[in-house]
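K.L.:
Dropping the structure in here first, questions after.
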Number of protein chains: 4
Amino acid sequence: MIRFDSDYIEGCIPEILEALQATNQEQCPGYGEDIHSLHAKELIQQTIGNSEADIYFLSGGTLTNVTVISSILKHHQGVITASSGHIHTHETGAIEAYGHKCLTLPSTDGKIYAKDVDAYISEHYASDVAVHTVQPGLVYISFPTESGTLYQKKELEELYSICKKHDVPLFIDGARLGYGLSAKTNDLSIQDIAQLCDIFYIGGTKVGALFGEAVVITNDKYKKDFKYHIKQHGGMLAKGRALGIQFEVLFSNNNYFNISKHSIAMAELLTEGFIKKGYSFQYEATTNQLFPILSKAKQKELEKEFAFQYWEPYDENHDVIRFVTSFMTKKENIEYLISKL
Amino acid sequence: MIRFDSDYIEGCIPEILEALQATNQEQCPGYGEDIHSLHAKELIQQTIGNSEADIYFLSGGTLTNVTVISSILKHHQGVITASSGHIHTHETGAIEAYGHKCLTLPSTDGKIYAKDVDAYISEHYASDVAVHTVQPGLVYISFPTESGTLYQKKELEELYSICKKHDVPLFIDGARLGYGLSAKTNDLSIQDIAQLCDIFYIGGTKVGALFGEAVVITNDKYKKDFKYHIKQHGGMLAKGRALGIQFEVLFSNNNYFNISKHSIAMAELLTEGFIKKGYSFQYEATTNQLFPILSKAKQKELEKEFAFQYWEPYDENHDVIRFVTSFMTKKENIEYLISKL
Amino acid sequence: MIRFDSDYIEGCIPEILEALQATNQEQCPGYGEDIHSLHAKELIQQTIGNSEADIYFLSGGTLTNVTVISSILKHHQGVITASSGHIHTHETGAIEAYGHKCLTLPSTDGKIYAKDVDAYISEHYASDVAVHTVQPGLVYISFPTESGTLYQKKELEELYSICKKHDVPLFIDGARLGYGLSAKTNDLSIQDIAQLCDIFYIGGTKVGALFGEAVVITNDKYKKDFKYHIKQHGGMLAKGRALGIQFEVLFSNNNYFNISKHSIAMAELLTEGFIKKGYSFQYEATTNQLFPILSKAKQKELEKEFAFQYWEPYDENHDVIRFVTSFMTKKENIEYLISKL
Amino acid sequence: MIRFDSDYIEGCIPEILEALQATNQEQCPGYGEDIHSLHAKELIQQTIGNSEADIYFLSGGTLTNVTVISSILKHHQGVITASSGHIHTHETGAIEAYGHKCLTLPSTDGKIYAKDVDAYISEHYASDVAVHTVQPGLVYISFPTESGTLYQKKELEELYSICKKHDVPLFIDGARLGYGLSAKTNDLSIQDIAQLCDIFYIGGTKVGALFGEAVVITNDKYKKDFKYHIKQHGGMLAKGRALGIQFEVLFSNNNYFNISKHSIAMAELLTEGFIKKGYSFQYEATTNQLFPILSKAKQKELEKEFAFQYWEPYDENHDVIRFVTSFMTKKENIEYLISKL
């Protein structure tokens, strides 16, 4: 079985295992105070071009989202998100379980736009019954989105500008950040990302690490007390080194970006293959996720040898299917898949 | 600096790194459905002698405690715990953040006893104003306790019997389970533990793993829907293999017990050293945590070369100090420490 | 200013004030154990034809909804509701603040239908990633709905049947129950309501009381421990008599139904008036809420003398407006309003 | 049966019923925007000598406590309270249900002192593991306390000064405020109270109203968005007039203070009676709650004719008993009770 169902099906980049090996006998203090975590923070600060940013490592995406969001919101506030946002659709109500409503904006491409966010917040405060509804306290977007799409620089600038106008912070879920930044259609750098929001996270789990995400807080207002929130959510590993070492490796030798580029190259190869064989796509995704439309017959045939993910129905005989490449995807597997299309 | 401040200061047992290396390129499904997680579950089922037990792997102790406790309690219920219980004292209010009160019983040795639990629950239901107070819905204990003490088999049998009498489940926090089971004063086997509670967890983070804890649910009543709770709390690693592989190793070749014994042997050596040098102890701890009483002067002297943890005040000139050994503690370091006492 | 903006703009039926006066010096135990509360419960049991039902009095609708819903759901569960449901739109996220997600079904008439609920629940359990999403644990409907529409008996039977098929309880928000039962198009009795759900509430605030709602629990499974939940939410009045006396009056002498009929008669008079003057309606509401479409000019004219509520936009020059009658609405005010249409 | 078991056993002062009667047909906007609520706010502002204070009316004490506390705290914060504090002991975990831990200070007289609060907060921030524990975010006291004791002006000044030093707000639960202010041993005015905390509430339920409490926010920092919190907790009555009218009456003609004085006079009479008959008291309570020590035999004898409340055990043959007087307690009943002592 050759798997294309996600980008978390393999282990991690070999350099991480080597580093874990090399440091295994070191005695380090716990809870992120070890030298590897401190070094990894510096490396990320340098990478994003902000030496004042606060950086923390957490073990996974859902945990990171709920920790960030609940560190910012007060009880009467909710988080604006695309209706397709991961926090709304695939985190078992983690945000609500911590007391906060997802305030959804309809979205067909996974993105939300400055004008819609502006309208939503303005209408809230204009309403006679504002206090009978949840106050928007944060805007959440993902880059790339759950549909594999990307915000263009201009779109993100407009969105962040609206957020600042309303004094509502912007949080970017970068579970697949590396893949977004490496896409051909992308015009944002990681430095841009760091400047165009108040807080974001750099995904490790899906981009080369065994597990782990790096939260980056650039707005001073949200730095204070963040560690309490990590600990309260159970996100503070006793052996924080296990996360620090991984990000130390990822942000050394340009590893994070190199492996992202590999994944994108593989996705492009596969995209070309689909196009050549006459398939069309549901979303214009240019990152490491493809959403081709496949007949049910073709799916049945392929699933004997390949793992992929049903995404949503298309018509009676076709579905939208998700194929995902990773930092470890092998070219020969892409070519073999194309040969079977 | 030689560290004795905790049992999470080193990495993991070498066999784990080898296994991560050997499996790194395997393609596995995510979220704990991989063959390593499945195999690890079987190994643990065999070890505890219960092939029907449900077993899940989570990334850390606080996360595990809040996930288990919130999976069982309803909104109006709280958890009975020793006043020294980790959930009450060192988890940043994680249990309360999820809506549940810690109902504390005073404790001087870290343990709670059947008769006190019985009295507490009985008094609750006998009260005219029971509904004005939180209903006890679960009993939490740790084995070993936070003070390094152990429940004797008879004590645990009595406690569990009271829990069953009141239809209140018993949950055992086994963050340092291996060390407890390996102590000379212990008369409980892991099979006993599995039979004398409804749910417990086997600590990995402090006992040889890089990170990770294994939840074991033996009472059918609490098995249903547990995975929803793991996901909601952000405890479900996408690369569940990273946890599965670690427990596969720990529960192969008797590793978990062998490394625990090593740690205990080192702790015993250190205990003898303290006794020979005329020190006394605050708690009768026979696991891998020692609580000797040290003068402030001695502390000052030792802290130039050793890391250890201030625990609590003793008198004007002395404090209770915690020294901890681990699966990786070196005999020469113990001997060197003793030479400096 | 003559007000038609809601049904909570006047005080209460005079009999309630008389009863409060007559009982004022009585010494009663608190928290709902007084003889008036006990008597009111009996009267309601008789009215609904179920002497085993548990009945509790709470001070308001939002409090009642969140208390009922959180008494039933576990942390990983959410509540299915129409997208227009009061709990989703106008309770400041009370349900989410207590940890539960509103699982919305799209609705244009305020109602949700058996087949849609069936599909939603079935799809949840059929999904590969069910545990990544919130488990549906309860179905919430309002009768009448927020749009003034009514479930027909057949619809409610079908809906409840689906709920039972999936073992998911049904909760009916009856904030305006009296008005629904008294509508000409209604074919449900209060006894039917009591049999076609697991738990519902009889609204007092909007139907003749100064404040207060009566929760009726018919399914034994949800009776246990309900008082803890009331107290935890702050819904248990120390002087429970204040609620008991009101419901004692409302359910004596057929008061509750008589005043509801008056309100409906007034609404019908007003409806005829609108129709005669050539207005059309957005919703086919036959209870005490009307939703006529008014030009902006007409609104401007009317608001000099009348209070009414903007509901939603209709077209560039028109809006949907809500007019509401109550148990105390005067016929001459209706006639005067009609004269100005 | 003559009841002395609480101060919520009778209805309300007659003037309130008269006012409800007189205003019953008025049409008022809902949710606290009616003229009576607005007038009541002005009357309270005048009474406390602060025309800038924000004032809100809620239906009961538990609801008020949780609304105030959750409006101030962030997720990682808890509330410091005496171990005997109502929020910790008798509100079914309402504070925890909303996510916040009660951080208890031991107390024998129901009070907490500046030096203890200072020590607690200082130790929190001095700890190496501060982030593993709940951050103190608010101090809660009750005046009078649950044991009927009173803070002296100097004590409250010191306490508030410490709160300001640590930038932690002070909240006073005034469920029985009137009785405290009217006690002979009291040296605080209501104006003092308003100046020596950030937020407090004036109890109505136990002091002459049918139900209702008035929250007073004097610190600007906590005024914003408070209405969202009231609504979210279900504390916003649709017919807010019902609360406004009651407080309008209570704060007209010095009613609130006059009825409090009556209750205190009755309590003093009863205290003298107990003393004359040779009883002693457990707490030096000078408000409307007495805590005499009664033999079990005497209790048995008295409970044929009188209702009173068991408070706590004293010795094998005696218990501490609570007797409470109210705004409506009759002198002849006190005299009759004394005759039976």
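To be explicit about the labels: the chains of the structure tokens are called A, B, and onward in the order shown, and within each one the residues are counted from 1, while ligands get numbers from 1 in the order they are shown.
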Extract, using only C-alpha atoms, all DNA, RNA and protein residues at most 12 Å from Phe327 of chain D, discarding same-chain residues fewer than 4 positions from it, and format them as JSON, numbers by chain.

P.N.:
{"C": [25], "D": [4, 6, 7, 8, 9, 10, 11, 12, 13, 14, 176, 178, 179, 182, 204, 205, 206, 207, 208, 209, 210, 250, 255, 256, 257, 258, 259, 260, 261, 262, 263, 264, 265, 266, 267, 288, 331]}

K.L.:
Taking only C-alpha atoms into account, produce a table as JSON lines in which each residue of chain C with an atom at most 10 Å from an atom of chain B appears once, together with its shortest atom pair and the distance in Å to one decimal, ordered by chain and rising number.

P.N.:
{"residue": "C:Tyr31", "atom": "CA", "partner": "B:Val129", "partner_atom": "CA", "distance": 10.0}
{"residue": "C:Ser70", "atom": "CA", "partner": "B:His75", "partner_atom": "CA", "distance": 7.0}
{"residue": "C:Ser71", "atom": "CA", "partner": "B:His75", "partner_atom": "CA", "distance": 7.0}
{"residue": "C:Ile72", "atom": "CA", "partner": "B:Lys74", "partner_atom": "CA", "distance": 8.5}
{"residue": "C:Leu73", "atom": "CA", "partner": "B:Lys74", "partner_atom": "CA", "distance": 8.0}
{"residue": "C:Lys74", "atom": "CA", "partner": "B:Lys74", "partner_atom": "CA", "distance": 6.2}
{"residue": "C:His75", "atom": "CA", "partner": "B:Ser70", "partner_atom": "CA", "distance": 7.0}
{"residue": "C:His76", "atom": "CA", "partner": "B:His229", "partner_atom": "CA", "distance": 6.0}
{"residue": "C:Gln77", "atom": "CA", "partner": "B:Tyr228", "partner_atom": "CA", "distance": 9.0}
{"residue": "C:Tyr98", "atom": "CA", "partner": "B:Gly99", "partner_atom": "CA", "distance": 8.1}
{"residue": "C:Gly99", "atom": "CA", "partner": "B:Tyr98", "partner_atom": "CA", "distance": 8.1}
{"residue": "C:Val129", "atom": "CA", "partner": "B:Tyr228", "partner_atom": "CA", "distance": 9.9}
{"residue": "C:Ala130", "atom": "CA", "partner": "B:Tyr228", "partner_atom": "CA", "distance": 8.1}
{"residue": "C:Val131", "atom": "CA", "partner": "B:Tyr228", "partner_atom": "CA", "distance": 4.6}
{"residue": "C:His132", "atom": "CA", "partner": "B:Lys231", "partner_atom": "CA", "distance": 6.2}
{"residue": "C:Thr133", "atom": "CA", "partner": "B:Tyr228", "partner_atom": "CA", "distance": 7.7}
{"residue": "C:Val134", "atom": "CA", "partner": "B:Tyr228", "partner_atom": "CA", "distance": 7.7}
{"residue": "C:Gln135", "atom": "CA", "partner": "B:Tyr228", "partner_atom": "CA", "distance": 8.0}
{"residue": "C:Asp225", "atom": "CA", "partner": "B:Val131", "partner_atom": "CA", "distance": 7.9}
{"residue": "C:Phe226", "atom": "CA", "partner": "B:Val131", "partner_atom": "CA", "distance": 9.0}
{"residue": "C:Lys227", "atom": "CA", "partner": "B:Val131", "partner_atom": "CA", "distance": 6.2}
{"residue": "C:Tyr228", "atom": "CA", "partner": "B:Val131", "partner_atom": "CA", "distance": 4.6}
{"residue": "C:His229", "atom": "CA", "partner": "B:His76", "partner_atom": "CA", "distance": 6.0}
{"residue": "C:Ile230", "atom": "CA", "partner": "B:Val131", "partner_atom": "CA", "distance": 8.8}
{"residue": "C:Lys231", "atom": "CA", "partner": "B:His132", "partner_atom": "CA", "distance": 6.2}
{"residue": "C:Gln232", "atom": "CA", "partner": "B:His76", "partner_atom": "CA", "distance": 7.1}
{"residue": "C:His233", "atom": "CA", "partner": "B:His76", "partner_atom": "CA", "distance": 9.8}
{"residue": "C:Met236", "atom": "CA", "partner": "B:His132", "partner_atom": "CA", "distance": 9.5}

K.L.:
May I have the residues within 12 Å of Ile275 of chain C as a list in words, using only C-alpha atoms and disregarding those fewer than 5 positions away in the same chain?

P.N.:
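Here the answer would be Glu268, Leu269, Leu270, Ser280, Phe281, Leu290, Phe291, Pro292, Ile293, Ile338 and Leu341 of chain C.
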
K.L.:
Emit the selected residues as a JSON list (two decimals), in the first residue's frame, including N, CA and C atoms.

P.N.:
[["chain", "number", "residue", "atom", "x", "y", "z"],
["C", 268, "GLU", "N", -54.49, 37.66, 15.80],
["C", 268, "GLU", "CA", -55.31, 37.39, 14.63],
["C", 268, "GLU", "C", -55.98, 38.67, 14.14],
["C", 269, "LEU", "N", -56.44, 39.45, 15.08],
["C", 269, "LEU", "CA", -57.05, 40.73, 14.72],
["C", 269, "LEU", "C", -56.06, 41.60, 13.96],
["C", 270, "LEU", "N", -54.84, 41.62, 14.45],
["C", 270, "LEU", "CA", -53.81, 42.44, 13.82],
["C", 270, "LEU", "C", -53.44, 41.88, 12.44],
["C", 280, "SER", "N", -48.04, 41.95, 3.08],
["C", 280, "SER", "CA", -47.78, 40.50, 3.08],
["C", 280, "SER", "C", -46.80, 40.15, 4.19],
["C", 281, "PHE", "N", -46.67, 38.85, 4.44],
["C", 281, "PHE", "CA", -45.87, 38.37, 5.57],
["C", 281, "PHE", "C", -44.68, 37.54, 5.11],
["C", 290, "LEU", "N", -46.07, 38.33, 14.59],
["C", 290, "LEU", "CA", -46.34, 38.53, 13.16],
["C", 290, "LEU", "C", -45.09, 39.10, 12.52],
["C", 291, "PHE", "N", -44.85, 38.71, 11.28],
["C", 291, "PHE", "CA", -43.66, 39.19, 10.58],
["C", 291, "PHE", "C", -44.04, 39.84, 9.24],
["C", 292, "PRO", "N", -44.75, 40.95, 9.28],
["C", 292, "PRO", "CA", -45.13, 41.63, 8.04],
["C", 292, "PRO", "C", -43.93, 42.33, 7.39],
["C", 293, "ILE", "N", -44.08, 42.58, 6.13],
["C", 293, "ILE", "CA", -43.04, 43.31, 5.38],
["C", 293, "ILE", "C", -43.49, 44.76, 5.27],
["C", 338, "ILE", "N", -53.98, 49.41, 13.55],
["C", 338, "ILE", "CA", -54.49, 49.10, 12.21],
["C", 338, "ILE", "C", -54.91, 50.38, 11.48],
["C", 341, "LEU", "N", -52.05, 51.85, 9.65],
["C", 341, "LEU", "CA", -51.26, 51.07, 8.67],
["C", 341, "LEU", "C", -51.41, 51.63, 7.27]]

K.L.:
Of the candidates D:Pro313, D:Gly240, D:Gly85, D:Gly234, which one gets nearest to Gly212 of chain D if we count only C-alpha atoms?

P.N.:
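Once distances to Gly212 of chain D are computed over only C-alpha atoms, the minimum belongs to D:Gly240.
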
K.L.:
What's the 12 Å shell around Ser37 of chain A, counting only C-alpha atoms, without same-chain residues fewer than 2 positions away, as an NGL selection string?

P.N.:
:A and (28-35 or 39-44 or 55-58 or 214 or 237 or 239-249 or 251)

K.L.:
Can you write out the residues you just picked, keeping N, CA and C atoms, as an mmCIF file, in the first residue's frame?

P.N.:
data_model
loop_
_atom_site.group_PDB
_atom_site.id
_atom_site.type_symbol
_atom_site.label_atom_id
_atom_site.label_comp_id
_atom_site.auth_asym_id
_atom_site.auth_seq_id
_atom_site.Cartn_x
_atom_site.Cartn_y
_atom_site.Cartn_z
ATOM 1 N N CYS A 28 19.103 17.786 31.073
ATOM 2 C CA CYS A 28 18.547 19.127 30.805
ATOM 3 C C CYS A 28 17.417 19.418 31.785
ATOM 4 N N PRO A 29 17.226 20.680 32.145
ATOM 5 C CA PRO A 29 16.026 21.023 32.910
ATOM 6 C C PRO A 29 14.779 20.801 32.043
ATOM 7 N N GLY A 30 13.648 20.668 32.703
ATOM 8 C CA GLY A 30 12.433 20.337 31.974
ATOM 9 C C GLY A 30 11.632 21.541 31.507
ATOM 10 N N TYR A 31 10.495 21.263 30.908
ATOM 11 C CA TYR A 31 9.477 22.266 30.602
ATOM 12 C C TYR A 31 9.961 23.401 29.702
ATOM 13 N N GLY A 32 10.843 23.052 28.759
ATOM 14 C CA GLY A 32 11.216 24.037 27.751
ATOM 15 C C GLY A 32 12.345 24.964 28.147
ATOM 16 N N GLU A 33 12.978 24.700 29.298
ATOM 17 C CA GLU A 33 14.071 25.568 29.728
ATOM 18 C C GLU A 33 15.437 25.011 29.306
ATOM 19 N N ASP A 34 15.445 23.948 28.538
ATOM 20 C CA ASP A 34 16.698 23.327 28.098
ATOM 21 C C ASP A 34 17.364 24.142 26.978
ATOM 22 N N ILE A 35 18.655 23.890 26.771
ATOM 23 C CA ILE A 35 19.398 24.693 25.786
ATOM 24 C C ILE A 35 18.915 24.479 24.358
ATOM 25 N N HIS A 39 17.809 27.434 22.014
ATOM 26 C CA HIS A 39 18.487 27.626 20.729
ATOM 27 C C HIS A 39 17.482 27.623 19.576
ATOM 28 N N ALA A 40 16.550 26.710 19.635
ATOM 29 C CA ALA A 40 15.530 26.638 18.578
ATOM 30 C C ALA A 40 14.752 27.947 18.503
ATOM 31 N N LYS A 41 14.469 28.534 19.655
ATOM 32 C CA LYS A 41 13.760 29.822 19.661
ATOM 33 C C LYS A 41 14.567 30.905 18.954
ATOM 34 N N GLU A 42 15.848 30.926 19.250
ATOM 35 C CA GLU A 42 16.708 31.912 18.582
ATOM 36 C C GLU A 42 16.719 31.716 17.076
ATOM 37 N N LEU A 43 16.824 30.462 16.674
ATOM 38 C CA LEU A 43 16.847 30.173 15.235
ATOM 39 C C LEU A 43 15.568 30.643 14.562
ATOM 40 N N ILE A 44 14.462 30.435 15.231
ATOM 41 C CA ILE A 44 13.184 30.870 14.643
ATOM 42 C C ILE A 44 13.097 32.394 14.663
ATOM 43 N N ILE A 55 8.355 32.544 21.693
ATOM 44 C CA ILE A 55 8.173 31.296 20.944
ATOM 45 C C ILE A 55 8.027 30.133 21.918
ATOM 46 N N TYR A 56 7.049 29.292 21.670
ATOM 47 C CA TYR A 56 6.793 28.133 22.528
ATOM 48 C C TYR A 56 6.530 26.908 21.660
ATOM 49 N N PHE A 57 6.893 25.752 22.193
ATOM 50 C CA PHE A 57 6.688 24.511 21.448
ATOM 51 C C PHE A 57 5.615 23.664 22.111
ATOM 52 N N LEU A 58 4.641 23.258 21.316
ATOM 53 C CA LEU A 58 3.561 22.417 21.833
ATOM 54 C C LEU A 58 3.489 21.135 21.011
ATOM 55 N N ALA A 214 5.353 25.139 16.669
ATOM 56 C CA ALA A 214 6.007 26.280 17.325
ATOM 57 C C ALA A 214 5.098 27.507 17.270
ATOM 58 N N LEU A 237 5.442 19.729 27.679
ATOM 59 C CA LEU A 237 6.132 18.456 27.869
ATOM 60 C C LEU A 237 7.167 18.581 28.978
ATOM 61 N N LYS A 239 9.759 16.679 29.250
ATOM 62 C CA LYS A 239 11.000 16.671 28.464
ATOM 63 C C LYS A 239 10.847 17.591 27.266
ATOM 64 N N GLY A 240 10.826 18.882 27.546
ATOM 65 C CA GLY A 240 10.639 19.887 26.498
ATOM 66 C C GLY A 240 11.729 19.782 25.437
ATOM 67 N N ARG A 241 12.876 19.209 25.832
ATOM 68 C CA ARG A 241 13.962 18.998 24.880
ATOM 69 C C ARG A 241 13.500 18.262 23.623
ATOM 70 N N ALA A 242 12.546 17.330 23.809
ATOM 71 C CA ALA A 242 12.098 16.521 22.671
ATOM 72 C C ALA A 242 11.510 17.413 21.577
ATOM 73 N N LEU A 243 10.912 18.509 21.973
ATOM 74 C CA LEU A 243 10.397 19.457 20.986
ATOM 75 C C LEU A 243 11.496 20.424 20.551
ATOM 76 N N GLY A 244 12.257 20.892 21.519
ATOM 77 C CA GLY A 244 13.312 21.858 21.201
ATOM 78 C C GLY A 244 14.296 21.308 20.183
ATOM 79 N N ILE A 245 14.703 20.076 20.387
ATOM 80 C CA ILE A 245 15.676 19.462 19.472
ATOM 81 C C ILE A 245 15.116 19.380 18.059
ATOM 82 N N GLN A 246 13.865 19.010 17.954
ATOM 83 C CA GLN A 246 13.270 18.894 16.617
ATOM 84 C C GLN A 246 13.257 20.232 15.877
ATOM 85 N N PHE A 247 12.868 21.287 16.577
ATOM 86 C CA PHE A 247 12.819 22.590 15.897
ATOM 87 C C PHE A 247 14.221 23.165 15.694
ATOM 88 N N GLU A 248 15.137 22.758 16.557
ATOM 89 C CA GLU A 248 16.535 23.151 16.358
ATOM 90 C C GLU A 248 17.028 22.591 15.017
ATOM 91 N N VAL A 249 16.671 21.354 14.761
ATOM 92 C CA VAL A 249 17.074 20.734 13.500
ATOM 93 C C VAL A 249 16.318 21.345 12.321
ATOM 94 N N PHE A 251 15.079 24.212 11.903
ATOM 95 C CA PHE A 251 15.474 25.570 11.537
ATOM 96 C C PHE A 251 16.993 25.747 11.451
#

K.L.:
Enumerate, as a list in words, the complete set of residues in segment 173-202 of chain D that a backbone-based DSSP assignment places in strand (DSSP E or B).

P.N.:
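Those residues are Asp173, Gly174, Ile199, Phe200, Tyr201 and Ile202 of chain D.
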
K.L.:
Dump C-alpha atoms for the selected residues as a PDB file, in the first residue's frame?

P.N.:
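Wrote selection.pdb, looks like this:
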ATOM      1  CA  ASP D 173     -20.220  39.573  48.247  1.00  0.00           C
ATOM      2  CA  GLY D 174     -22.860  41.603  50.043  1.00  0.00           C
ATOM      3  CA  ILE D 199     -16.835  45.606  42.609  1.00  0.00           C
ATOM      4  CA  PHE D 200     -19.443  44.487  45.123  1.00  0.00           C
ATOM      5  CA  TYR D 201     -23.057  43.493  45.279  1.00  0.00           C
ATOM      6  CA  ILE D 202     -25.916  44.673  47.424  1.00  0.00           C
TER       7      ILE D 202
END

K.L.:
Which residues in segment 108-289 of chain A does DSSP call alpha helix (DSSP H)? List them as a ChimeraX atom specification.

P.N.:
/A:114-126,153-165,177-181,190-195,226-232,241-250,255-276

K.L.:
Restricting the calculation to only C-alpha atoms, which member of A:Met328, A:Ile80, A:Leu170, A:Ile87 is positioned closest to Tyr120 of chain A?

P.N.:
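Checking each of A:Met328, A:Ile80, A:Leu170, A:Ile87 against Tyr120 of chain A, counting only C-alpha atoms, the winner is A:Ile80.
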
K.L.:
Would you mind telling me which residue in B:Asp128, B:Tyr222, B:Arg3, B:Gly137 lies nearest to Lys330 of chain B when using only C-alpha atoms?

P.N.:
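Ranking B:Asp128, B:Tyr222, B:Arg3, B:Gly137 by distance to Lys330 of chain B, first place goes to B:Arg3.
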
K.L.:
Provide the atom CA of Ile321 of chain B to atom CA of Leu294 of chain B distance in Å, to one decimal place.

P.N.:
6.7 Å

K.L.:
Residues near Ile112 of chain A, anyone? I mean within 10 Å using only C-alpha atoms, not counting same-chain ones fewer than 2 positions away, as a compact mmCIF listing (two decimals) with N, CA and C atoms, in the first residue's frame.

P.N.:
# COMPACT_ATOMS: atom_id res chain seq x y z
N ILE A 80 -13.75 34.35 15.11
CA ILE A 80 -14.23 34.36 13.72
C ILE A 80 -13.38 33.38 12.91
N THR A 81 -14.03 32.54 12.14
CA THR A 81 -13.33 31.54 11.33
C THR A 81 -14.13 31.26 10.06
N ALA A 82 -13.45 30.83 9.03
CA ALA A 82 -14.16 30.29 7.88
C ALA A 82 -14.97 29.09 8.34
N SER A 83 -16.11 28.88 7.70
CA SER A 83 -16.93 27.72 8.07
C SER A 83 -16.16 26.42 7.85
N SER A 84 -15.14 26.46 7.03
CA SER A 84 -14.32 25.28 6.79
C SER A 84 -13.10 25.22 7.70
N GLY A 85 -12.98 26.15 8.60
CA GLY A 85 -11.80 26.20 9.48
C GLY A 85 -11.65 24.94 10.32
N THR A 104 -18.77 31.63 12.48
CA THR A 104 -18.36 31.20 11.14
C THR A 104 -18.78 32.17 10.05
N LEU A 105 -17.85 32.40 9.14
CA LEU A 105 -18.16 33.12 7.90
C LEU A 105 -18.20 32.08 6.79
N PRO A 106 -19.22 32.13 5.94
CA PRO A 106 -19.30 31.15 4.85
C PRO A 106 -18.07 31.28 3.95
N SER A 107 -17.59 30.17 3.45
CA SER A 107 -16.40 30.19 2.61
C SER A 107 -16.45 29.04 1.63
N THR A 108 -16.11 29.32 0.39
CA THR A 108 -16.08 28.23 -0.59
C THR A 108 -14.65 27.82 -0.91
N ASP A 109 -13.71 28.72 -0.67
CA ASP A 109 -12.32 28.42 -1.01
C ASP A 109 -11.43 28.29 0.23
N GLY A 110 -12.06 28.20 1.39
CA GLY A 110 -11.28 28.04 2.62
C GLY A 110 -10.79 29.35 3.21
N ALA A 114 -11.21 40.37 4.09
CA ALA A 114 -11.24 41.58 4.91
C ALA A 114 -12.65 42.19 4.96
N LYS A 115 -13.28 42.30 3.82
CA LYS A 115 -14.59 42.99 3.81
C LYS A 115 -15.64 42.20 4.59
N ASP A 116 -15.56 40.89 4.56
CA ASP A 116 -16.55 40.09 5.30
C ASP A 116 -16.30 40.16 6.80
N VAL A 117 -15.05 40.15 7.17
CA VAL A 117 -14.72 40.26 8.59
C VAL A 117 -15.14 41.65 9.08
N VAL A 139 -9.64 36.69 15.20
CA VAL A 139 -9.86 36.14 13.87
C VAL A 139 -8.85 35.02 13.64
N TYR A 140 -9.36 33.88 13.21
CA TYR A 140 -8.53 32.70 12.94
C TYR A 140 -8.53 32.40 11.44
N ILE A 141 -7.35 32.26 10.87
CA ILE A 141 -7.26 31.76 9.50
C ILE A 141 -6.18 30.69 9.46
N SER A 142 -6.21 29.89 8.41
CA SER A 142 -5.15 28.91 8.23
C SER A 142 -4.43 29.21 6.93
N THR A 145 -4.91 27.06 3.65
CA THR A 145 -6.21 26.69 4.20
C THR A 145 -6.42 25.19 4.12
N TYR A 151 -3.60 32.60 0.96
CA TYR A 151 -3.86 34.04 0.95
C TYR A 151 -2.73 34.71 0.18
N GLU A 155 -4.20 40.26 0.16
CA GLU A 155 -5.36 39.81 0.94
C GLU A 155 -5.05 39.78 2.44
N LEU A 156 -3.87 39.30 2.76
CA LEU A 156 -3.51 39.20 4.18
C LEU A 156 -3.31 40.60 4.77
N LEU A 159 -6.72 42.03 5.39
CA LEU A 159 -7.37 41.36 6.51
C LEU A 159 -6.78 41.85 7.83
